[in-house]
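Shown below: upload08.cif, with mmCIF, C-alpha atoms.
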data_my_file
loop_
_atom_site.label_atom_id
_atom_site.label_comp_id
_atom_site.auth_asym_id
_atom_site.auth_seq_id
_atom_site.Cartn_x
_atom_site.Cartn_y
_atom_site.Cartn_z
CA MET A 1 0.00 0.00 0.00
CA GLN A 2 2.86 2.40 0.77
CA ASP A 3 4.09 2.00 -2.82
CA ILE A 4 0.66 2.96 -4.17
CA LEU A 5 0.49 5.98 -1.87
CA GLN A 6 4.03 7.08 -2.78
CA ARG A 7 3.23 6.83 -6.50
CA GLN A 8 0.08 8.89 -5.95
CA GLU A 9 2.06 11.54 -4.09
CA ALA A 10 4.75 11.66 -6.79
CA ALA A 11 2.15 12.00 -9.53
CA ARG A 12 -0.42 14.28 -7.87
CA GLY A 13 0.95 15.64 -4.59
CA LYS A 14 0.51 15.14 -0.85
CA GLU A 15 -3.18 16.03 -0.75
CA ALA A 16 -3.92 13.41 -3.40
CA ARG A 17 -1.99 10.86 -1.36
CA GLN A 18 -3.99 11.69 1.76
CA HIS A 19 -7.26 11.44 -0.13
CA LEU A 20 -6.30 8.08 -1.65
CA GLN A 21 -5.40 6.76 1.80
CA PHE A 22 -8.81 7.93 3.05
CA VAL A 23 -10.57 6.24 0.12
CA LEU A 24 -8.70 2.97 0.67
CA ALA A 25 -9.46 3.02 4.40
CA THR A 26 -13.16 3.58 3.86
CA THR A 27 -13.71 1.23 0.91
CA ASP A 28 -11.56 -1.68 -0.29
CA HIS A 29 -9.44 -2.20 2.82
CA LEU A 30 -12.37 -1.80 5.20
CA ASP A 31 -14.40 -4.23 3.08
CA ASP A 32 -11.55 -6.74 3.41
CA VAL A 33 -11.50 -6.37 7.20
CA LEU A 34 -15.26 -6.79 7.44
CA ALA A 35 -15.14 -9.84 5.17
CA ALA A 36 -12.41 -11.35 7.35
CA LEU A 37 -14.52 -10.75 10.47
CA SER A 38 -17.54 -12.36 8.80
CA PHE A 39 -15.45 -15.38 7.84
CA LEU A 40 -13.90 -15.64 11.29
CA LYS A 41 -17.35 -15.87 12.85
CA THR A 42 -18.05 -19.02 10.80
CA VAL A 43 -14.90 -20.89 11.80
CA PRO A 44 -15.55 -23.84 14.13
CA GLY A 45 -14.15 -23.21 17.58
CA ILE A 46 -14.36 -19.42 17.30
CA GLU A 47 -16.77 -17.81 19.72
CA ALA A 48 -18.33 -15.21 17.43
CA LYS A 49 -19.57 -13.20 20.41
CA ARG A 50 -16.06 -12.86 21.87
CA ILE A 51 -14.08 -11.23 19.09
CA ALA A 52 -11.79 -8.25 19.58
CA ILE A 53 -10.02 -6.35 16.84
CA ALA A 54 -6.64 -4.61 16.91
CA GLY A 55 -4.58 -2.68 14.42
CA HIS A 56 -1.51 -0.50 14.05
CA SER A 57 -1.29 2.79 12.16
CA PHE A 58 -3.47 2.40 9.02
CA GLY A 59 -4.70 -0.83 10.58
CA GLY A 60 -5.64 1.17 13.67
CA GLN A 61 -7.83 3.37 11.49
CA LEU A 62 -9.42 0.25 10.02
CA THR A 63 -9.96 -1.07 13.57
CA LEU A 64 -12.02 2.00 14.46
CA LEU A 65 -13.98 1.88 11.21
CA ALA A 66 -14.71 -1.83 11.65
CA ALA A 67 -15.79 -1.29 15.27
CA GLU A 68 -18.24 1.28 13.98
CA ARG A 69 -19.70 -1.11 11.40
CA ASP A 70 -19.74 -4.37 13.40
CA ASN A 71 -21.51 -4.02 16.73
CA THR A 72 -20.65 -7.60 17.71
CA ILE A 73 -17.00 -6.68 18.26
CA ARG A 74 -16.35 -6.83 22.02
CA ALA A 75 -13.26 -4.61 22.14
CA ALA A 76 -11.03 -2.56 19.84
CA VAL A 77 -7.34 -1.79 20.37
CA THR A 78 -5.52 0.75 18.23
CA PHE A 79 -1.80 1.39 18.15
CA ALA A 80 -0.87 4.78 16.64
CA ALA A 81 -4.08 5.10 14.61
CA ALA A 82 -3.81 8.01 12.16
CA ALA A 83 -0.69 9.38 13.87
CA GLY A 84 0.93 10.22 10.54
CA SER A 85 -2.13 11.60 8.78
CA TRP A 86 -4.42 13.14 11.40
CA GLU A 87 -3.17 16.69 11.02
CA ARG A 88 -2.99 16.55 7.21
CA SER A 89 -6.39 15.00 6.52
CA PRO A 90 -9.53 16.79 7.76
CA GLU A 91 -11.71 14.16 6.05
CA LEU A 92 -9.95 11.36 7.95
CA ARG A 93 -10.28 13.22 11.26
CA LYS A 94 -13.99 13.72 10.71
CA ARG A 95 -14.51 10.12 9.63
CA LEU A 96 -12.67 8.61 12.62
CA LEU A 97 -14.50 10.86 15.07
CA THR A 98 -17.77 9.68 13.50
CA ALA A 99 -16.60 6.08 13.81
CA VAL A 100 -15.98 6.35 17.54
CA ASP A 101 -19.33 8.14 17.92
CA LYS A 102 -21.08 5.11 16.46
CA ALA A 103 -18.89 2.29 17.78
CA THR A 104 -20.33 0.27 20.65
CA ALA A 105 -17.20 -1.65 21.71
CA PRO A 106 -14.84 -0.35 24.39
CA ILE A 107 -11.80 1.20 22.69
CA MET A 108 -8.17 1.27 23.81
CA LEU A 109 -6.05 3.95 22.12
CA ILE A 110 -2.28 3.46 22.44
CA GLN A 111 0.62 5.65 21.36
CA ALA A 112 4.16 6.46 22.38
CA ALA A 113 4.90 10.05 23.36
CA ASN A 114 7.26 10.39 20.40
CA ASP A 115 4.83 9.08 17.76
CA TYR A 116 4.35 11.30 14.69
CA SER A 117 1.49 12.92 16.59
CA THR A 118 -0.47 12.06 19.72
CA ALA A 119 -3.29 14.40 18.62
CA PRO A 120 -5.44 11.57 17.22
CA GLY A 121 -5.38 9.62 20.47
CA GLN A 122 -6.17 12.76 22.46
CA ALA A 123 -8.99 13.88 20.16
CA LEU A 124 -10.58 10.43 19.92
CA ALA A 125 -10.36 9.96 23.70
CA ASP A 126 -11.89 13.41 24.24
CA GLU A 127 -14.79 12.46 21.96
CA LEU A 128 -15.29 9.13 23.73
CA THR A 129 -15.23 10.90 27.10
CA ARG A 130 -17.78 13.44 25.86
CA LEU A 131 -20.05 10.55 24.84
CA HIS A 132 -19.48 8.66 28.12
CA LYS A 133 -18.20 5.63 26.18
CA SER A 134 -15.87 3.01 27.61
CA HIS A 135 -12.28 3.68 26.55
CA ILE A 136 -8.69 3.98 27.67
CA LEU A 137 -6.03 6.27 26.25
CA LYS A 138 -2.46 5.20 27.05
CA ILE A 139 0.40 7.39 25.92
CA TYR A 140 3.59 5.62 26.88
CA PRO A 141 7.03 7.20 27.30
CA SER A 142 9.09 7.80 24.19
CA VAL A 143 10.64 4.79 22.52
CA GLY A 144 13.89 5.00 20.59
CA LYS A 145 15.16 8.29 19.23
CA THR A 146 12.88 9.16 16.31
CA THR A 147 9.21 9.68 15.57
CA GLU A 148 9.37 6.53 13.44
CA ASP A 149 10.60 4.61 16.48
CA GLY A 150 7.71 6.05 18.47
CA HIS A 151 5.27 5.11 15.73
CA ASN A 152 6.58 1.55 15.80
CA PHE A 153 6.15 1.32 19.58
CA LEU A 154 3.97 -1.75 18.99
CA TYR A 155 7.00 -3.71 17.81
CA LEU A 156 9.79 -2.04 19.76
CA ALA A 157 8.33 -1.96 23.28
CA MET A 158 6.06 -4.96 23.72
CA PRO A 159 6.92 -5.42 27.41
CA GLN A 160 5.61 -1.89 28.08
CA TRP A 161 2.13 -2.41 26.64
CA GLU A 162 1.33 -6.12 26.71
CA ASN A 163 -0.03 -6.33 30.28
CA ASP A 164 -2.24 -3.30 29.72
CA VAL A 165 -3.62 -4.60 26.43
CA PHE A 166 -4.23 -8.13 27.65
CA GLY A 167 -5.83 -6.77 30.83
CA PHE A 168 -8.16 -4.62 28.69
CA LEU A 169 -9.02 -7.61 26.50
CA ASP A 170 -9.60 -9.84 29.53
CA GLU A 171 -11.97 -7.27 30.99
CA HIS A 172 -14.03 -6.83 27.82
CA VAL A 173 -13.81 -10.12 25.95
CA ARG A 174 -13.64 -12.87 28.57
CA ARG A 175 -16.84 -12.11 30.41
#
Represent the supplied structure as structure tokens.
Amino acid sequence: MQDILQRQEAARGKEARQHLQFVLATTDHLDDVLAALSFLKTVPGIEAKRIAIAGHSFGGQLTLLAAERDNTIRAAVTFAAAAGSWERSPELRKRLLTAVDKATAPIMLIQAANDYSTAPGQALADELTRLHKSHILKIYPSVGKTTEDGHNFLYLAMPQWENDVFGFLDEHVRR
């Protein structure tokens, strides 16, 4: 996907790249996630009423959009959702705020302090608080030396977040 977005930016500019990312998140890629969830619910041994969804970065955006569309999801966990595009894409900001407005699952928003931006986590948590919806915002200390390191907190600092995430999932999925 990054190759497609980079080609779009080279051909048409940064705004065109942002718009294409928005289109992909709200159409083809979201459809794929929803199809995967539908399939998962048919697999023997899977308890369809105890499914959580998690995603990182673009996948974190898809997590929020899927939680909006599938009210059987018991919990949603996002790592660095929209951290690289929140400030550049008003249409994405509006769409993700709408998604959390409509989502019924408890949502955990996770970022490192040195992510590209912590504004999405803050804004989404503020909206969830305003709506009195179950959520947790965790902004962990900086990881590594760069914003890219912070964005990849999911991979670089597993011991920091794993107990919190699995505790959140236990609370909302096991019961």
Query raised in the report: Exactly which residues make up the result of the PyMOL selection byres ((chain A and resi 65) around 10) on this file, given as a VMD selection string?
Result: chain A and resid 25 to 26 30 33 to 34 59 to 64 66 to 70 95 to 100 102 to 103
Query raised in the report: Taking the file as shown, what set of residues would the PyMOL selection byres ((chain A and resi 157-174) around 8) give back, as a ChimeraX atom specification?
Result: /A:50-52,74-75,77,106,108,140,143,153-156,175
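Computed from the coordinates, the CA of Ser117 (chain A) to CA of Gln8 (chain A) distance equals 22.9 Å.
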Report task. Please write as a VMD selection string the full residue list that the PyMOL selection byres ((chain A and resi 134) around 8) yields on this file. Result -> chain A and resid 105 to 107 128 to 129 132 to 133 135 to 136
Report task. Would you mind listing what lies within 12 Å of region 4-6 of chain A as a ChimeraX atom specification, with all atoms listed in the file counted and same-chain residues fewer than 2 positions away left out? Result -> /A:1-2,8-24
Report task. Would you list the residues near (-4.4, 15.1, 15.4) (no more than 9 Å away, in the coordinates of the file, using all atoms listed in the file) as a PyMOL selection string? Result -> chain A and resi 82-88+93+117-124
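The two atoms in question, CA of Phe79 (chain A) and CA of Ala125 (chain A), are spaced 13.3 Å apart.
Nearest-residue note for Ser142 (chain A): choosing from A:Glu127, A:Ser38, A:Ala112, A:Ala54, the minimum distance belongs to A:Ala112, counting only C-alpha atoms.
Across the structure, CA of Ala48 (chain A) and CA of Leu131 (chain A) are spaced 26.9 Å apart.
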Requested in this report: Would you please work out which residue, of A:Asp3, A:Glu47, A:Asp28, A:Ile139, is nearest to Ile73 (chain A) when using all atoms listed in the file?
Outcome: A:Glu47
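Shortest atom-to-atom contact with Thr104 (chain A) among A:Asn71, A:Ser57, A:Asn152, A:Thr42: A:Asn71, counting all atoms listed in the file.
Considering the residues A:Ile110, A:Leu92, A:Ala36, A:Val43 and counting all atoms listed in the file, Ala76 (chain A) has its shortest atom-to-atom contact with A:Ile110.
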